[in-house]
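Asker: The structure file target.csv (CSV, C-alpha atoms) is provided below.
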chain,number,residue,atom,x,y,z
A,1,MET,CA,17.1,-74.2,-121.8
A,2,THR,CA,14.8,-71.4,-122.7
A,3,ALA,CA,12.2,-70.3,-120.0
A,4,SER,CA,8.6,-70.1,-121.0
A,5,PRO,CA,6.6,-66.9,-120.7
A,6,GLN,CA,4.6,-68.4,-117.7
A,7,SER,CA,7.7,-69.3,-115.7
A,8,SER,CA,9.2,-65.9,-116.3
A,9,ALA,CA,6.1,-64.2,-115.0
A,10,PHE,CA,6.1,-66.4,-111.9
A,11,ASN,CA,9.7,-65.6,-111.1
A,12,TYR,CA,9.0,-61.9,-111.5
A,13,LEU,CA,6.1,-62.0,-109.1
A,14,SER,CA,8.0,-64.0,-106.6
A,15,GLY,CA,10.8,-61.5,-106.6
A,16,TYR,CA,8.4,-58.7,-106.2
A,17,ARG,CA,6.8,-60.3,-103.1
A,18,MET,CA,10.1,-60.7,-101.4
A,19,ALA,CA,11.0,-57.1,-102.1
A,20,VAL,CA,7.8,-55.6,-100.6
A,21,ARG,CA,7.4,-58.0,-97.6
A,22,PRO,CA,9.4,-55.8,-95.2
A,23,ILE,CA,7.3,-52.8,-96.2
A,24,THR,CA,4.1,-54.8,-95.5
A,25,ILE,CA,5.3,-55.8,-92.0
A,26,ILE,CA,6.3,-52.2,-91.2
A,27,ALA,CA,2.9,-50.9,-92.4
A,28,PHE,CA,1.1,-53.5,-90.3
A,29,ALA,CA,3.0,-52.6,-87.2
A,30,ALA,CA,2.1,-49.0,-87.7
A,31,GLY,CA,-1.5,-49.9,-88.2
A,32,ALA,CA,-1.5,-52.0,-85.0
A,33,ALA,CA,-0.2,-49.0,-83.1
A,34,ILE,CA,-3.0,-46.9,-84.5
A,35,VAL,CA,-5.6,-49.5,-83.4
A,36,PHE,CA,-5.1,-48.6,-79.7
A,37,GLY,CA,-5.5,-45.0,-80.5
A,38,ALA,CA,-8.5,-44.5,-82.8
A,39,THR,CA,-10.9,-47.2,-84.0
A,40,THR,CA,-12.1,-45.0,-86.8
A,41,LEU,CA,-8.6,-44.9,-88.4
A,42,GLN,CA,-8.4,-48.6,-88.1
A,43,ARG,CA,-11.5,-49.1,-90.1
A,44,VAL,CA,-10.4,-46.5,-92.7
A,45,ALA,CA,-7.1,-48.3,-93.1
A,46,GLY,CA,-9.0,-51.6,-93.6
A,47,ILE,CA,-7.4,-53.3,-90.6
A,48,ASP,CA,-9.6,-55.8,-88.7
A,49,VAL,CA,-9.8,-55.0,-85.0
A,50,PRO,CA,-10.2,-57.8,-82.4
A,51,ALA,CA,-13.4,-57.6,-80.2
A,52,ALA,CA,-11.4,-57.2,-77.0
A,53,ILE,CA,-9.6,-54.2,-78.3
A,54,ALA,CA,-12.7,-52.6,-79.7
A,55,GLN,CA,-14.4,-52.6,-76.3
A,56,LYS,CA,-11.7,-50.3,-75.0
A,57,ASP,CA,-13.2,-47.4,-77.0
A,58,PRO,CA,-14.0,-44.5,-74.7
A,59,LYS,CA,-17.7,-43.5,-74.4
A,60,PRO,CA,-18.9,-40.3,-75.9
A,61,ALA,CA,-18.3,-37.3,-73.7
A,62,GLY,CA,-22.0,-36.6,-73.2
A,63,SER,CA,-22.8,-40.0,-71.6
A,64,ALA,CA,-20.4,-39.5,-68.7
A,65,THR,CA,-22.9,-37.1,-66.9
A,66,LYS,CA,-25.8,-38.9,-65.4
A,67,SER,CA,-29.3,-37.2,-65.7
A,68,THR,CA,-30.6,-35.4,-62.7
A,69,LEU,CA,-34.3,-35.7,-63.7
A,70,VAL,CA,-36.6,-38.4,-62.3
A,71,ALA,CA,-39.6,-38.6,-64.7
A,72,MET,CA,-42.9,-39.2,-62.9
A,73,ASP,CA,-46.4,-38.3,-63.7
A,74,ASP,CA,-49.1,-37.3,-61.1
A,75,GLU,CA,-50.4,-40.8,-60.9
A,76,ARG,CA,-47.0,-42.3,-60.1
A,77,ILE,CA,-46.3,-39.6,-57.5
A,78,LYS,CA,-49.6,-40.4,-55.8
A,79,LEU,CA,-48.9,-44.1,-55.8
A,80,ALA,CA,-45.4,-43.5,-54.3
A,81,GLN,CA,-47.1,-41.4,-51.6
A,82,ILE,CA,-44.7,-38.5,-52.1
A,83,GLU,CA,-45.8,-35.4,-50.3
A,84,GLU,CA,-44.9,-32.0,-51.8
A,85,ARG,CA,-44.5,-28.7,-50.0
A,86,SER,CA,-43.5,-25.2,-51.0
A,87,VAL,CA,-40.4,-23.8,-49.2
A,88,GLY,CA,-40.1,-20.3,-48.0
A,89,PRO,CA,-39.0,-18.1,-45.1
A,90,ALA,CA,-39.4,-19.2,-41.5
A,91,THR,CA,-37.9,-18.7,-38.0
A,92,ILE,CA,-34.8,-20.7,-37.1
A,93,ALA,CA,-33.8,-20.9,-33.4
A,94,ARG,CA,-30.9,-22.2,-31.4
A,95,ARG,CA,-32.5,-24.4,-28.7
A,96,LEU,CA,-31.7,-25.7,-25.3
A,97,THR,CA,-32.9,-29.3,-24.9
A,98,VAL,CA,-34.1,-30.4,-21.4
A,99,PRO,CA,-36.3,-33.3,-20.1
A,100,GLY,CA,-39.8,-32.6,-18.8
A,101,THR,CA,-43.0,-34.1,-17.5
A,102,ILE,CA,-46.6,-33.2,-18.3
A,103,VAL,CA,-48.6,-32.2,-15.2
A,104,PRO,CA,-52.0,-30.7,-14.8
A,105,ASP,CA,-52.3,-26.9,-14.6
A,106,ALA,CA,-52.4,-26.2,-10.8
A,107,GLY,CA,-55.0,-23.5,-11.4
A,108,ARG,CA,-57.3,-26.0,-13.2
A,109,VAL,CA,-57.5,-28.8,-10.5
A,110,ALA,CA,-60.5,-28.8,-8.1
A,111,HIS,CA,-60.8,-31.0,-5.0
A,112,VAL,CA,-64.5,-31.4,-4.3
A,113,SER,CA,-64.8,-31.7,-0.5
A,114,VAL,CA,-67.7,-31.5,2.0
A,115,LYS,CA,-68.0,-29.1,4.9
A,116,LEU,CA,-70.5,-31.1,7.0
A,117,SER,CA,-71.1,-34.6,8.4
A,118,GLY,CA,-73.4,-36.9,6.5
A,119,THR,CA,-73.8,-39.9,4.2
A,120,VAL,CA,-73.7,-40.2,0.4
A,121,ALA,CA,-77.3,-40.6,-0.7
A,122,GLU,CA,-76.9,-40.2,-4.5
A,123,LEU,CA,-74.1,-40.3,-7.0
A,124,HIS,CA,-74.8,-38.6,-10.3
A,125,ARG,CA,-71.4,-38.8,-11.9
A,126,ASN,CA,-68.6,-41.3,-12.1
A,127,ILE,CA,-64.9,-41.3,-12.8
A,128,GLY,CA,-64.0,-40.2,-16.3
A,129,ASP,CA,-67.2,-38.2,-16.8
A,130,ASP,CA,-67.1,-34.7,-18.3
A,131,VAL,CA,-68.8,-32.2,-16.1
A,132,VAL,CA,-69.6,-28.5,-16.3
A,133,LYS,CA,-69.3,-25.9,-13.6
A,134,ASP,CA,-72.1,-26.0,-10.9
A,135,GLU,CA,-73.3,-29.4,-12.1
A,136,VAL,CA,-74.6,-31.7,-9.3
A,137,LEU,CA,-72.2,-34.6,-8.7
A,138,ALA,CA,-73.7,-36.1,-5.6
A,139,VAL,CA,-76.3,-35.6,-2.9
A,140,LEU,CA,-75.6,-36.0,0.8
A,141,GLU,CA,-78.1,-36.5,3.7
A,142,SER,CA,-77.0,-34.7,6.8
A,143,ARG,CA,-78.6,-33.9,10.1
A,144,GLU,CA,-76.3,-30.9,10.4
A,145,VAL,CA,-77.6,-29.3,7.2
A,146,ALA,CA,-81.2,-30.1,8.3
A,147,ASP,CA,-80.7,-28.3,11.6
A,148,ALA,CA,-79.1,-25.3,9.8
A,149,LYS,CA,-82.0,-25.0,7.3
A,150,SER,CA,-84.5,-25.3,10.1
A,151,GLU,CA,-82.7,-22.6,12.1
A,152,TYR,CA,-82.8,-20.4,9.0
A,153,LEU,CA,-86.5,-20.9,8.4
A,154,THR,CA,-87.3,-20.2,12.0
A,155,ALA,CA,-85.2,-17.0,12.0
A,156,ARG,CA,-86.8,-15.9,8.8
A,157,LEU,CA,-90.3,-16.3,10.2
A,158,SER,CA,-89.4,-14.6,13.4
A,159,ASN,CA,-87.9,-11.7,11.5
A,160,GLU,CA,-90.9,-11.3,9.3
A,161,LEU,CA,-93.3,-11.1,12.3
A,162,GLN,CA,-91.1,-8.8,14.3
A,163,GLN,CA,-90.7,-6.4,11.3
A,164,ASP,CA,-94.5,-6.3,11.1
A,165,LEU,CA,-94.8,-5.5,14.8
A,166,THR,CA,-92.2,-2.8,14.6
A,167,ALA,CA,-94.0,-1.2,11.7
A,168,ARG,CA,-97.3,-1.3,13.6
A,169,ASP,CA,-95.7,0.2,16.8
A,170,LYS,CA,-94.1,2.9,14.7
A,171,THR,CA,-97.5,3.9,13.3
A,172,ILE,CA,-99.1,3.9,16.8
A,173,TRP,CA,-96.3,5.9,18.2
A,174,GLU,CA,-96.5,8.5,15.4
A,175,GLY,CA,-100.3,8.8,16.2
A,176,ARG,CA,-99.5,9.5,19.8
A,177,ALA,CA,-101.4,6.3,20.8
A,178,ALA,CA,-98.4,4.5,22.3
A,179,PRO,CA,-95.4,5.6,24.3
A,180,GLU,CA,-92.1,6.0,22.6
A,181,GLN,CA,-90.5,3.5,24.8
A,182,GLN,CA,-92.7,0.7,23.3
A,183,TYR,CA,-91.6,1.7,19.8
A,184,ILE,CA,-87.9,1.6,20.8
A,185,ARG,CA,-88.2,-1.8,22.3
A,186,SER,CA,-90.0,-3.1,19.2
A,187,ARG,CA,-87.3,-1.6,16.9
A,188,ASN,CA,-84.6,-3.2,19.0
A,189,ALA,CA,-86.3,-6.6,18.7
A,190,ALA,CA,-86.5,-6.2,14.9
A,191,ALA,CA,-82.8,-5.5,14.7
A,192,GLN,CA,-82.0,-8.7,16.7
A,193,THR,CA,-84.3,-10.9,14.6
A,194,ALA,CA,-82.7,-9.5,11.4
A,195,MET,CA,-79.3,-10.2,12.8
A,196,ARG,CA,-80.2,-13.8,13.7
A,197,LEU,CA,-81.6,-14.3,10.2
A,198,ASN,CA,-78.4,-13.1,8.6
A,199,ILE,CA,-76.3,-15.4,10.9
A,200,ALA,CA,-78.5,-18.4,9.9
A,201,ARG,CA,-78.1,-17.5,6.3
A,202,GLN,CA,-74.3,-17.2,6.6
A,203,LYS,CA,-74.2,-20.6,8.3
A,204,LEU,CA,-75.9,-22.2,5.3
A,205,LEU,CA,-73.5,-20.6,2.9
A,206,ALA,CA,-70.6,-21.9,5.0
A,207,LEU,CA,-72.0,-25.4,4.6
A,208,GLY,CA,-72.1,-25.1,0.8
A,209,VAL,CA,-75.8,-24.1,0.3
A,210,ARG,CA,-76.0,-21.7,-2.6
A,211,ASP,CA,-78.0,-18.4,-2.6
A,212,ASP,CA,-80.7,-19.7,-5.0
A,213,GLU,CA,-81.1,-22.8,-2.8
A,214,ILE,CA,-81.5,-20.7,0.3
A,215,ALA,CA,-84.1,-18.5,-1.4
A,216,ALA,CA,-86.1,-21.6,-2.4
A,217,LEU,CA,-86.2,-23.1,1.1
A,218,PRO,CA,-89.6,-21.7,2.2
A,219,GLN,CA,-91.3,-23.5,-0.8
A,220,ALA,CA,-89.1,-26.6,-0.6
A,221,PRO,CA,-90.6,-29.9,0.6
A,222,ASP,CA,-89.7,-31.0,4.1
A,223,ALA,CA,-87.8,-34.1,2.8
A,224,SER,CA,-85.3,-31.9,1.0
A,225,LEU,CA,-84.3,-30.1,4.2
A,226,ARG,CA,-81.8,-32.9,5.1
A,227,SER,CA,-80.3,-33.1,1.5
A,228,GLN,CA,-77.2,-31.2,0.4
A,229,ASN,CA,-76.1,-31.0,-3.3
A,230,VAL,CA,-72.4,-31.4,-4.1
A,231,ARG,CA,-71.6,-29.4,-7.2
A,232,ALA,CA,-68.6,-29.2,-9.5
A,233,PRO,CA,-66.6,-26.0,-8.8
A,234,ILE,CA,-65.1,-26.0,-12.4
A,235,SER,CA,-65.7,-27.5,-15.8
A,236,GLY,CA,-63.5,-30.5,-16.6
A,237,ARG,CA,-63.3,-34.2,-16.2
A,238,ILE,CA,-63.6,-36.3,-13.0
A,239,ALA,CA,-60.2,-37.8,-12.4
A,240,GLU,CA,-61.0,-39.4,-9.0
A,241,ARG,CA,-64.1,-40.5,-7.1
A,242,LYS,CA,-63.3,-41.5,-3.6
A,243,VAL,CA,-66.7,-42.4,-2.2
A,244,GLU,CA,-69.5,-45.0,-2.7
A,245,LEU,CA,-73.2,-44.9,-1.9
A,246,GLY,CA,-73.8,-44.9,1.8
A,247,THR,CA,-70.3,-43.7,2.6
A,248,ALA,CA,-70.1,-41.6,5.8
A,249,VAL,CA,-68.3,-38.4,5.1
A,250,GLY,CA,-67.3,-35.3,7.1
A,251,ARG,CA,-65.4,-34.6,10.2
A,252,ASP,CA,-64.1,-36.9,12.9
A,253,ASN,CA,-61.5,-38.6,10.7
A,254,LEU,CA,-64.0,-39.4,8.0
A,255,GLU,CA,-63.5,-38.8,4.2
A,256,THR,CA,-64.0,-35.2,3.3
A,257,GLU,CA,-62.9,-35.3,-0.3
A,258,LEU,CA,-65.4,-36.8,-2.7
A,259,PHE,CA,-64.1,-36.0,-6.2
A,260,VAL,CA,-61.2,-34.5,-8.1
A,261,VAL,CA,-62.1,-32.6,-11.2
A,262,VAL,CA,-59.3,-31.7,-13.6
A,263,ASP,CA,-59.5,-29.3,-16.6
A,264,LEU,CA,-57.0,-30.5,-19.1
A,265,SER,CA,-57.7,-28.0,-21.8
A,266,ARG,CA,-54.4,-26.5,-20.9
A,267,VAL,CA,-51.5,-28.4,-19.1
A,268,TRP,CA,-48.1,-27.6,-17.8
A,269,ILE,CA,-44.7,-28.9,-18.8
A,270,ASP,CA,-42.6,-29.3,-15.7
A,271,LEU,CA,-38.9,-28.8,-16.7
A,272,SER,CA,-35.6,-29.1,-14.9
A,273,VAL,CA,-33.0,-26.6,-16.0
A,274,SER,CA,-29.4,-26.7,-14.8
A,275,SER,CA,-27.9,-23.7,-13.0
A,276,ALA,CA,-25.4,-23.2,-15.9
A,277,ASP,CA,-28.2,-22.9,-18.5
A,278,LEU,CA,-30.7,-20.9,-16.3
A,279,PRO,CA,-29.4,-17.4,-17.3
A,280,MET,CA,-30.5,-18.2,-20.9
A,281,VAL,CA,-34.1,-19.1,-19.9
A,282,LYS,CA,-36.7,-16.3,-19.6
A,283,GLU,CA,-40.4,-16.2,-19.1
A,284,GLY,CA,-42.3,-15.9,-22.4
A,285,GLN,CA,-39.8,-18.0,-24.5
A,286,THR,CA,-41.3,-20.6,-26.8
A,287,VAL,CA,-40.7,-24.3,-26.2
A,288,GLY,CA,-41.0,-27.1,-28.7
A,289,ILE,CA,-42.1,-30.4,-27.1
A,290,THR,CA,-42.0,-33.9,-28.4
A,291,THR,CA,-42.9,-37.3,-26.9
A,292,ARG,CA,-42.8,-40.9,-27.9
A,293,GLY,CA,-45.7,-42.2,-29.8
A,294,GLN,CA,-46.6,-38.8,-31.4
A,295,SER,CA,-45.3,-37.7,-34.7
A,296,GLU,CA,-46.4,-34.1,-34.3
A,297,ALA,CA,-44.6,-31.7,-32.0
A,298,GLY,CA,-46.3,-29.1,-29.8
A,299,THR,CA,-45.5,-25.5,-28.9
A,300,ALA,CA,-45.6,-24.2,-25.3
A,301,LYS,CA,-44.6,-21.0,-23.6
A,302,ILE,CA,-42.6,-20.5,-20.4
A,303,VAL,CA,-44.8,-19.0,-17.7
A,304,PHE,CA,-42.6,-19.4,-14.6
A,305,VAL,CA,-38.9,-19.7,-13.9
A,306,SER,CA,-38.2,-20.5,-10.3
A,307,PRO,CA,-35.6,-18.3,-8.5
A,308,LEU,CA,-34.6,-21.2,-6.3
A,309,LEU,CA,-32.4,-24.2,-7.0
A,310,ASP,CA,-33.0,-27.7,-5.8
A,311,LYS,CA,-30.3,-28.3,-3.1
A,312,ASP,CA,-29.8,-31.9,-4.3
A,313,THR,CA,-29.9,-31.6,-8.1
A,314,ARG,CA,-28.8,-28.0,-8.5
A,315,THR,CA,-31.5,-27.4,-11.0
A,316,ALA,CA,-34.3,-24.9,-11.2
A,317,ARG,CA,-38.0,-25.6,-11.9
A,318,VAL,CA,-39.3,-24.1,-15.1
A,319,ILE,CA,-43.0,-24.3,-16.0
A,320,ALA,CA,-44.3,-24.0,-19.6
A,321,ALA,CA,-48.0,-24.0,-20.5
A,322,VAL,CA,-49.4,-25.7,-23.6
A,323,ASP,CA,-52.9,-25.8,-25.0
A,324,ASN,CA,-54.4,-29.2,-24.9
A,325,ALA,CA,-57.9,-28.9,-26.3
A,326,ASP,CA,-57.6,-32.2,-28.2
A,327,GLY,CA,-56.3,-34.0,-25.1
A,328,ARG,CA,-53.2,-35.5,-26.7
A,329,TRP,CA,-50.8,-34.3,-23.9
A,330,ARG,CA,-51.5,-36.6,-21.0
A,331,PRO,CA,-50.3,-35.7,-17.5
A,332,GLY,CA,-47.5,-38.1,-16.4
A,333,SER,CA,-46.0,-38.4,-19.8
A,334,PHE,CA,-42.3,-37.7,-20.3
A,335,VAL,CA,-41.4,-35.2,-23.0
A,336,THR,CA,-38.3,-33.6,-24.5
A,337,ALA,CA,-38.5,-29.8,-24.5
A,338,ALA,CA,-36.4,-27.6,-26.8
A,339,ILE,CA,-36.3,-24.0,-25.4
A,340,ALA,CA,-35.8,-21.4,-28.1
A,341,ILE,CA,-32.7,-19.4,-26.9
A,342,ASP,CA,-31.9,-17.4,-30.0
A,343,GLU,CA,-34.4,-16.9,-32.9
A,344,ARG,CA,-33.8,-15.4,-36.3
A,345,SER,CA,-35.6,-15.4,-39.7
A,346,ALA,CA,-34.2,-17.5,-42.5
A,347,PRO,CA,-35.2,-16.8,-46.2
A,348,VAL,CA,-35.5,-20.5,-47.2
A,349,VAL,CA,-36.4,-23.2,-44.7
A,350,ALA,CA,-37.2,-26.8,-45.7
A,351,PRO,CA,-38.3,-29.9,-43.8
A,352,PHE,CA,-35.3,-32.0,-42.9
A,353,SER,CA,-37.1,-35.1,-44.2
A,354,ALA,CA,-36.7,-33.7,-47.7
A,355,ILE,CA,-32.9,-33.8,-47.6
A,356,GLN,CA,-31.1,-36.8,-49.1
A,357,ALA,CA,-27.3,-37.5,-49.4
A,358,VAL,CA,-26.5,-38.2,-53.0
A,359,GLY,CA,-22.8,-38.9,-53.4
A,360,SER,CA,-20.9,-36.4,-51.4
A,361,HIS,CA,-23.6,-33.7,-51.6
A,362,LYS,CA,-26.8,-32.9,-49.9
A,363,ALA,CA,-29.7,-32.7,-52.3
A,364,VAL,CA,-33.4,-32.2,-52.6
A,365,PHE,CA,-35.9,-33.1,-55.3
A,366,VAL,CA,-37.6,-30.1,-56.9
A,367,ARG,CA,-41.0,-30.6,-58.6
A,368,THR,CA,-40.9,-29.9,-62.4
A,369,LYS,CA,-43.5,-30.5,-65.1
A,370,ASP,CA,-41.9,-33.8,-66.0
A,371,GLY,CA,-41.4,-35.1,-62.4
A,372,PHE,CA,-38.6,-34.2,-60.0
A,373,GLU,CA,-35.2,-32.7,-60.5
A,374,LYS,CA,-32.3,-33.4,-58.2
A,375,ARG,CA,-30.9,-30.2,-56.9
A,376,ASP,CA,-27.7,-29.9,-54.8
A,377,VAL,CA,-28.1,-27.7,-51.8
A,378,VAL,CA,-26.0,-26.1,-49.1
A,379,LEU,CA,-27.5,-26.4,-45.6
A,380,GLY,CA,-27.3,-24.0,-42.7
A,381,GLN,CA,-28.6,-24.3,-39.2
A,382,ARG,CA,-31.0,-27.1,-38.2
A,383,ASP,CA,-34.0,-26.5,-35.9
A,384,GLY,CA,-35.8,-29.7,-35.0
A,385,GLN,CA,-37.5,-31.0,-38.1
A,386,SER,CA,-36.6,-28.0,-40.2
A,387,VAL,CA,-33.3,-26.9,-41.7
A,388,GLU,CA,-32.1,-23.7,-43.3
A,389,VAL,CA,-31.2,-23.9,-47.0
A,390,VAL,CA,-28.3,-21.5,-47.7
A,391,SER,CA,-28.2,-22.1,-51.5
A,392,GLY,CA,-29.7,-24.3,-54.1
A,393,LEU,CA,-33.4,-23.4,-53.5
A,394,VAL,CA,-35.5,-20.3,-54.0
A,395,ALA,CA,-38.5,-19.4,-51.9
A,396,GLY,CA,-41.7,-20.6,-53.5
A,397,GLU,CA,-40.3,-23.7,-55.1
A,398,THR,CA,-42.0,-27.0,-54.5
A,399,ILE,CA,-40.0,-30.0,-53.3
A,400,ALA,CA,-40.7,-33.5,-52.2
A,401,VAL,CA,-40.7,-33.9,-48.4
A,402,SER,CA,-41.6,-37.5,-47.9
A,403,ASN,CA,-40.6,-40.8,-49.4
A,404,THR,CA,-37.7,-39.0,-51.1
A,405,PHE,CA,-35.5,-42.2,-50.8
A,406,SER,CA,-37.6,-43.7,-53.6
A,407,LEU,CA,-36.6,-40.8,-55.8
A,408,LYS,CA,-33.0,-41.3,-54.9
A,409,ALA,CA,-33.2,-45.0,-55.7
A,410,GLU,CA,-34.9,-44.2,-59.0
A,411,LEU,CA,-32.1,-41.8,-59.8
A,412,SER,CA,-29.5,-44.4,-59.0
A,413,LYS,CA,-30.9,-47.0,-61.4
A,414,PRO,CA,-28.7,-47.6,-64.5
A,415,SER,CA,-30.0,-46.0,-67.7
A,416,ASP,CA,-30.6,-47.9,-70.9
A,417,GLU,CA,-27.4,-46.5,-72.4
A,418,ASP,CA,-25.4,-47.9,-69.5
Can you turn what I pasted into structure tokens?
Answerer:
Amino acid sequence: MTASPQSSAFNYLSGYRMAVRPITIIAFAAGAAIVFGATTLQRVAGIDVPAAIAQKDPKPAGSATKSTLVAMDDERIKLAQIEERSVGPATIARRLTVPGTIVPDAGRVAHVSVKLSGTVAELHRNIGDDVVKDEVLAVLESREVADAKSEYLTARLSNELQQDLTARDKTIWEGRAAPEQQYIRSRNAAAQTAMRLNIARQKLLALGVRDDEIAALPQAPDASLRSQNVRAPISGRIAERKVELGTAVGRDNLETELFVVVDLSRVWIDLSVSSADLPMVKEGQTVGITTRGQSEAGTAKIVFVSPLLDKDTRTARVIAAVDNADGRWRPGSFVTAAIAIDERSAPVVAPFSAIQAVGSHKAVFVRTKDGFEKRDVVLGQRDGQSVEVVSGLVAGETIAVSNTFSLKAELSKPSDED
């Protein structure tokens, strides 16, 4: 039977397919191996790649490094309450930390006491009032001061009369109209009256009457003779008032102290330093002080180091003085004092609040025209709220010093490419 042209062609093609099938299988295996190596070759070869395999493509090399820039304009920085500060050289110190207590300066405490017996007739100032030196705080009525003033006025009048008699007797004696003995007796009497006047005056001064008040006694009304003004010896604030109107004061187991006036424009920090640390503490050293409830620290200076140790605690008393014009250091408060033992200058010092831990590195955020740039830094010695920056920053650069955690969080957010 003779084959038709169509069947001959079919047989030819079938034989061809059988002959090339092994080659096709080998080529496909080779292509599959290439799939896992390079997606680009797979597409060129015309081989379809499953989705699961295509996701295993490595990312471009540039996308592996995360950006260190946090883009922020001035308005966003203000809303985020990010404070900026320029870094530069400062003093770094090694400090000895000891506890302390704020106490009034012993030279600025005045106890207002009376030196006579009497009763409180007037009270011009109360506890908590601010007073100035020589201001009248109270008025006392006293028989003792009335007697002393009367004695002074009597002695003054007697002295004036006797001085006039002595001057007259001297004129008569010089004119040979009276014997010398009369002039000598008159001169002796004048000396005695002058002495009695001076004694009476000194008695008034001892009772607390001032010179200007003594000089005004001859013209003063009689009712004022029994009154005695009590004045503030220093400027300050009344911390205690111990009497009321009508209170009997003076000697014979009566109250003698009327007020306590304290000047708190400067206070002391009473420190206790152990005997082992005492050789490192010297007068004139600076002391940083902090207390609960206050964010700002203060700076004091050591004015006294006791040469004696407490027999029970084996510690020495150290006094540091600090200005307190604003009144924020209240006596009785506990403080932590850091005594500067060894000070040196560091070229770049930054606030410790500016430092953030990013990964395994310490970093700061440096201000740029586009926002903030994360900059890895190497830190040196820390001194309270400041820290030395050994490398990573240059003096004069501006960094973020508050709310820097928000910048760190912004930097940690995944980018759009991720």
Asker: So the first atom is atom CA of Ala121 of chain A and the second is atom CA of Leu140 of chain A; what is the distance between them in Å, to one decimal place?
Answerer: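 It comes out at 5.1 Å.
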Asker: Out of A:Val261, A:Ala106, A:Val98, A:Val401, which residue has the shortest atom-to-atom distance to Ala337 of chain A when counting all atoms listed in the file?
Answerer: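 Looking only at the distances to Ala337 of chain A, the closest residue turns out to be A:Val98.
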Asker: Could you tell me which of A:Glu257, A:Glu397, A:Glu122, A:Asp263 comes closest to Ser86 of chain A if we count only C-alpha atoms?
Answerer: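 Once distances to Ser86 of chain A are computed over only C-alpha atoms, the minimum belongs to A:Glu397.
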Asker: So that all listed atoms of segment 369-374 of chain A fit with 6 Å spare on each side, what axis-aligned box centre and edge lengths in Å, to one decimal, would you give as AutoDock Vina command-line options?
Answerer:
--center_x -37.9 --center_y -32.8 --center_z -62.1 --size_x 23.2 --size_y 16.6 --size_z 19.8
Asker: Write out as a PyMOL selection string each polymer residue whose atoms come within 8 Å of segment 181-184 of chain A, counting all atoms listed in the file; drop sequence neighbours fewer than 4 positions from it.
Answerer: chain A and resi 166+169-170+173+188
Asker: Identify which of the residues A:Ser353, A:Gln294, A:Thr256, A:Ser186 lies closest to Gln385 of chain A, counting only C-alpha atoms when measuring atom-to-atom distances.
Answerer: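 Answer, going by the shortest atom-to-atom distance: A:Ser353.
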Asker: Since the input has fewer atoms than a full residue there, write segment 350-362 of chain A out with N, CA and C atoms, as a PDB file, keeping the file's coordinate frame.
Answerer:
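Dumped to result_10.pdb:
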ATOM      1  N   ALA A 350     -36.580 -25.615 -45.186  1.00  0.00           N
ATOM      2  CA  ALA A 350     -37.200 -26.800 -45.700  1.00  0.00           C
ATOM      3  C   ALA A 350     -37.298 -27.884 -44.638  1.00  0.00           C
ATOM      4  N   PRO A 351     -38.246 -28.809 -44.765  1.00  0.00           N
ATOM      5  CA  PRO A 351     -38.300 -29.900 -43.800  1.00  0.00           C
ATOM      6  C   PRO A 351     -37.043 -30.798 -43.961  1.00  0.00           C
ATOM      7  N   PHE A 352     -36.516 -31.237 -42.830  1.00  0.00           N
ATOM      8  CA  PHE A 352     -35.300 -32.000 -42.900  1.00  0.00           C
ATOM      9  C   PHE A 352     -35.522 -33.366 -43.567  1.00  0.00           C
ATOM     10  N   SER A 353     -36.768 -33.843 -43.573  1.00  0.00           N
ATOM     11  CA  SER A 353     -37.100 -35.100 -44.200  1.00  0.00           C
ATOM     12  C   SER A 353     -36.902 -35.034 -45.741  1.00  0.00           C
ATOM     13  N   ALA A 354     -36.825 -33.812 -46.291  1.00  0.00           N
ATOM     14  CA  ALA A 354     -36.700 -33.700 -47.700  1.00  0.00           C
ATOM     15  C   ALA A 354     -35.218 -33.811 -48.185  1.00  0.00           C
ATOM     16  N   ILE A 355     -34.286 -33.799 -47.248  1.00  0.00           N
ATOM     17  CA  ILE A 355     -32.900 -33.800 -47.600  1.00  0.00           C
ATOM     18  C   ILE A 355     -32.395 -35.253 -47.789  1.00  0.00           C
ATOM     19  N   GLN A 356     -31.659 -35.481 -48.874  1.00  0.00           N
ATOM     20  CA  GLN A 356     -31.100 -36.800 -49.100  1.00  0.00           C
ATOM     21  C   GLN A 356     -29.569 -36.578 -49.446  1.00  0.00           C
ATOM     22  N   ALA A 357     -28.769 -37.564 -49.055  1.00  0.00           N
ATOM     23  CA  ALA A 357     -27.300 -37.500 -49.400  1.00  0.00           C
ATOM     24  C   ALA A 357     -27.140 -38.299 -50.680  1.00  0.00           C
ATOM     25  N   VAL A 358     -26.744 -37.576 -51.699  1.00  0.00           N
ATOM     26  CA  VAL A 358     -26.500 -38.200 -53.000  1.00  0.00           C
ATOM     27  C   VAL A 358     -24.998 -37.975 -53.297  1.00  0.00           C
ATOM     28  N   GLY A 359     -24.259 -39.055 -53.226  1.00  0.00           N
ATOM     29  CA  GLY A 359     -22.800 -38.900 -53.400  1.00  0.00           C
ATOM     30  C   GLY A 359     -22.238 -38.206 -52.169  1.00  0.00           C
ATOM     31  N   SER A 360     -21.459 -37.205 -52.440  1.00  0.00           N
ATOM     32  CA  SER A 360     -20.900 -36.400 -51.400  1.00  0.00           C
ATOM     33  C   SER A 360     -21.609 -35.112 -51.127  1.00  0.00           C
ATOM     34  N   HIS A 361     -22.795 -34.981 -51.722  1.00  0.00           N
ATOM     35  CA  HIS A 361     -23.600 -33.700 -51.600  1.00  0.00           C
ATOM     36  C   HIS A 361     -24.911 -34.001 -50.968  1.00  0.00           C
ATOM     37  N   LYS A 362     -25.463 -32.937 -50.374  1.00  0.00           N
ATOM     38  CA  LYS A 362     -26.800 -32.900 -49.900  1.00  0.00           C
ATOM     39  C   LYS A 362     -27.715 -32.433 -51.037  1.00  0.00           C
TER      40      LYS A 362
END
